[in-house]
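Below is one structure, written out as structure tokens; comments come after it.
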Amino acid sequence: MKLTVAKSDKEKKDFLRFRRSIYGGSRRYIDDNYFMLCEIFSGKLHFTQGIKFYPVSVSSESGDMLCQALIVYAPQLPEYIQLCFFESLPHQEKAVKMLTDIAADYGRRLNCKKTVIGLNGHVNYGLGLLDSHFEERNSFSSPGNPMYYNEYFRKAGFNEVGLNSYVVNHYDDRLERFSRALERIDKNYSFRYFDKKEFDRYSKIYTDLNNLCFSDHPFYYARDYEDDKEMLKELFLFMKEDSLIFAFKDEEPVGFIMWYPDFNELAARGESFGTKHFFKNVIAGKKIRTAKVMEYGVLEKYRGRGLPAALIYKAFNLIKDQGYTRIETSWILEDNDDSNSFCRVSCDSLYKKYVVFEKSLSS
């Protein structure tokens, strides 16, 4: 077997071609990250200026690619060397070990403590490998991968960090029982949608709230304004302004929630999500059934005052009023008791499980 770090345009095209063969061949999942990798390879993303990344693949002696990943080092998260956007053919234990070994070597040179698999550069670009419901289509921004990916890392002795998602299969008025309490909360806070006419201002509010709300998250590191500005500009090609709701105490931003339609319903299985689906949504008006609650955050001093529930209530009512009949949440860390407890109350059931793999570089 031989290892290649994709540097030339041809090597990068080969790297992307292998990824397309994995997703196109499965006819099961939709590849939401192909566009992101193209952007990373273009060198145009502000995000890539703050990280080191190496597109690495392992091939057979005959030149057939067997597995690949982006090895990423983010100086703001110095504990980890990341093995991102991992893809592999089945029954390739030796090739995958070669890939994880080279990632570990990079990490040791950079004084990292652990290898992490399932973190795609930053949590905003993806966290976790799918660990249940392998036969189902993946929702927008959620991973879709076969079970054997996880078995590679379990057999290699990686530790696991579990993530949960939840689902509402038939939207109803279940939150109305909290309406009186939430009316009282409305008197103390104001709620505003993202305003694209003031894009820079609201983008900065989003960044500041993320950095304050998630500072203790084990895989989060602080974003700068340009990182989130370029991410939000891409999301708002699809999202409406009411997909990002902010809570203010007087004029202080104190919380937010982001939701959007499951755009993967516009794509066929085996496709890479891209611009054509934007036109399918806007021009063809194809109906999307599922809404996805992507993230919410509240400043610590306001968390025990009902504000998280108020933000969920606002988002759920928008989702209902716009005709969506199903809701899926994004990932939640298994040890996040507050968010898991609230989801158990407001959703029908636990849904998909995800997993992040870690391994000490001293192992």
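Residue numbers start at 1 in each chain; chains themselves are named A, B, ... in the order of the structure tokens; ligands are numbered from 1 in the order shown.
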Mind running stretch 137-241 of chain A against stretch 44-68 of chain A at 12 Å and telling me each contacting residue's nearest atom pair with the distance in Å (one decimal), counting only C-alpha atoms, chain and number ascending, as a Markdown table?
```
| residue | atom | partner | partner_atom | distance |
| --- | --- | --- | --- | --- |
| A:Tyr149 | CA | A:Cys67 | CA | 10.5 |
| A:Tyr152 | CA | A:Cys67 | CA | 11.6 |
| A:Tyr221 | CA | A:Gly50 | CA | 11.9 |
| A:Ala222 | CA | A:Gly50 | CA | 11.5 |
| A:Arg223 | CA | A:Phe47 | CA | 8.9 |
| A:Asp224 | CA | A:Phe47 | CA | 8.9 |
| A:Tyr225 | CA | A:His46 | CA | 10.0 |
| A:Glu226 | CA | A:His46 | CA | 6.6 |
| A:Asp227 | CA | A:Phe47 | CA | 5.4 |
| A:Asp228 | CA | A:Phe47 | CA | 8.8 |
| A:Lys229 | CA | A:His46 | CA | 9.6 |
| A:Glu230 | CA | A:His46 | CA | 7.7 |
| A:Met231 | CA | A:Phe47 | CA | 9.2 |
| A:Glu234 | CA | A:Leu45 | CA | 11.6 |
```
Could those selected residues go to a file with N, CA and C atoms, as a short mmCIF file (atom, residue, chain, number, x, y, z; two decimals), in the first residue's frame?
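What ended up in out.cif:
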```
data_model
loop_
_atom_site.label_atom_id
_atom_site.label_comp_id
_atom_site.auth_asym_id
_atom_site.auth_seq_id
_atom_site.Cartn_x
_atom_site.Cartn_y
_atom_site.Cartn_z
N TYR A 149 -17.54 1.80 9.12
CA TYR A 149 -16.63 2.89 9.48
C TYR A 149 -16.36 2.87 10.98
N TYR A 152 -14.12 0.02 12.33
CA TYR A 152 -12.67 0.22 12.17
C TYR A 152 -12.07 0.81 13.44
N TYR A 221 -14.08 25.50 19.58
CA TYR A 221 -13.10 26.58 19.80
C TYR A 221 -13.62 27.84 19.15
N ALA A 222 -13.15 28.98 19.65
CA ALA A 222 -13.71 30.28 19.26
C ALA A 222 -13.55 30.54 17.77
N ARG A 223 -14.61 31.03 17.19
CA ARG A 223 -14.61 31.42 15.78
C ARG A 223 -14.30 32.91 15.69
N ASP A 224 -13.81 33.36 14.52
CA ASP A 224 -13.72 34.79 14.30
C ASP A 224 -14.85 35.21 13.36
N TYR A 225 -15.02 36.51 13.22
CA TYR A 225 -16.19 37.02 12.51
C TYR A 225 -16.21 36.58 11.05
N GLU A 226 -15.08 36.54 10.41
CA GLU A 226 -15.05 36.18 8.99
C GLU A 226 -15.44 34.72 8.76
N ASP A 227 -15.04 33.83 9.70
CA ASP A 227 -15.42 32.42 9.59
C ASP A 227 -16.93 32.26 9.49
N ASP A 228 -17.64 32.87 10.45
CA ASP A 228 -19.08 32.69 10.49
C ASP A 228 -19.78 33.49 9.39
N LYS A 229 -19.20 34.62 9.03
CA LYS A 229 -19.81 35.42 7.96
C LYS A 229 -19.86 34.63 6.66
N GLU A 230 -18.76 33.95 6.31
CA GLU A 230 -18.76 33.19 5.06
C GLU A 230 -19.67 31.96 5.16
N MET A 231 -19.75 31.35 6.35
CA MET A 231 -20.64 30.20 6.53
C MET A 231 -22.10 30.63 6.42
N GLU A 234 -23.41 31.37 2.88
CA GLU A 234 -23.77 30.17 2.13
C GLU A 234 -25.11 29.60 2.61
#
```
For the contact check between stretch 274-344 of chain A and stretch 185-196 of chain A, emit one row per residue of stretch 274-344 of chain A within 10 Å, containing the shortest atom pair and the distance in Å rounded to one decimal, counting only C-alpha atoms, chain then rising number order, as CSV.
```
residue,atom,partner,partner_atom,distance
A:Arg305,CA,A:Ile185,CA,8.1
A:Gly306,CA,A:Ile185,CA,7.1
A:Leu307,CA,A:Ile185,CA,7.1
A:Ala309,CA,A:Ile185,CA,9.7
A:Ala310,CA,A:Ile185,CA,7.3
A:Leu311,CA,A:Phe191,CA,8.6
A:Lys314,CA,A:Phe191,CA,8.8
```
Please, could you write that set of residues out with N, CA and C atoms as a short mmCIF file (atom, residue, chain, number, x, y, z; two decimals), in the first residue's frame?
```
data_model
loop_
_atom_site.label_atom_id
_atom_site.label_comp_id
_atom_site.auth_asym_id
_atom_site.auth_seq_id
_atom_site.Cartn_x
_atom_site.Cartn_y
_atom_site.Cartn_z
N ARG A 305 -33.94 30.54 33.40
CA ARG A 305 -35.08 31.47 33.45
C ARG A 305 -36.11 31.19 32.36
N GLY A 306 -36.06 29.99 31.76
CA GLY A 306 -37.07 29.65 30.77
C GLY A 306 -36.76 30.10 29.37
N LEU A 307 -35.64 30.79 29.18
CA LEU A 307 -35.34 31.31 27.85
C LEU A 307 -35.08 30.22 26.82
N ALA A 309 -36.49 27.33 26.58
CA ALA A 309 -37.81 26.84 26.19
C ALA A 309 -38.53 27.86 25.31
N ALA A 310 -38.35 29.13 25.60
CA ALA A 310 -39.00 30.17 24.79
C ALA A 310 -38.47 30.17 23.37
N LEU A 311 -37.18 29.98 23.21
CA LEU A 311 -36.60 29.94 21.87
C LEU A 311 -37.10 28.72 21.09
N LYS A 314 -40.66 29.42 20.02
CA LYS A 314 -40.71 30.32 18.86
C LYS A 314 -40.41 29.56 17.58
#
```
What are the nearest atom pairs, with distances in Å to one decimal, for all residues of stretch 24-97 of chain A that come at most 12 Å from stretch 354-358 of chain A, using only C-alpha atoms, set out by chain and rising residue number as a Markdown table?
```
| residue | atom | partner | partner_atom | distance |
| --- | --- | --- | --- | --- |
| A:Glu79 | CA | A:Glu358 | CA | 11.0 |
| A:Tyr80 | CA | A:Glu358 | CA | 8.9 |
| A:Ile81 | CA | A:Glu358 | CA | 9.8 |
| A:Gln82 | CA | A:Glu358 | CA | 9.4 |
| A:Leu83 | CA | A:Phe357 | CA | 9.8 |
| A:Cys84 | CA | A:Val356 | CA | 11.0 |
| A:Phe86 | CA | A:Phe357 | CA | 12.0 |
```
Next on the checklist: Neighbouring residues of stretch 130-133 of chain A were defined as those with any atom within 7 Å, considering only C-alpha atoms; residues of the same chain fewer than 5 positions away were excluded. Please report them as JSON, numbers by chain.
Outcome noted: {"A": [143, 144, 145, 147, 352, 353, 354, 355]}
Item to check | DSSP-assigned alpha helix (DSSP H) members of stretch 174-274 of chain A, reported as number ranges by chain | outcome: A: 179-188, 199-213, 225-235
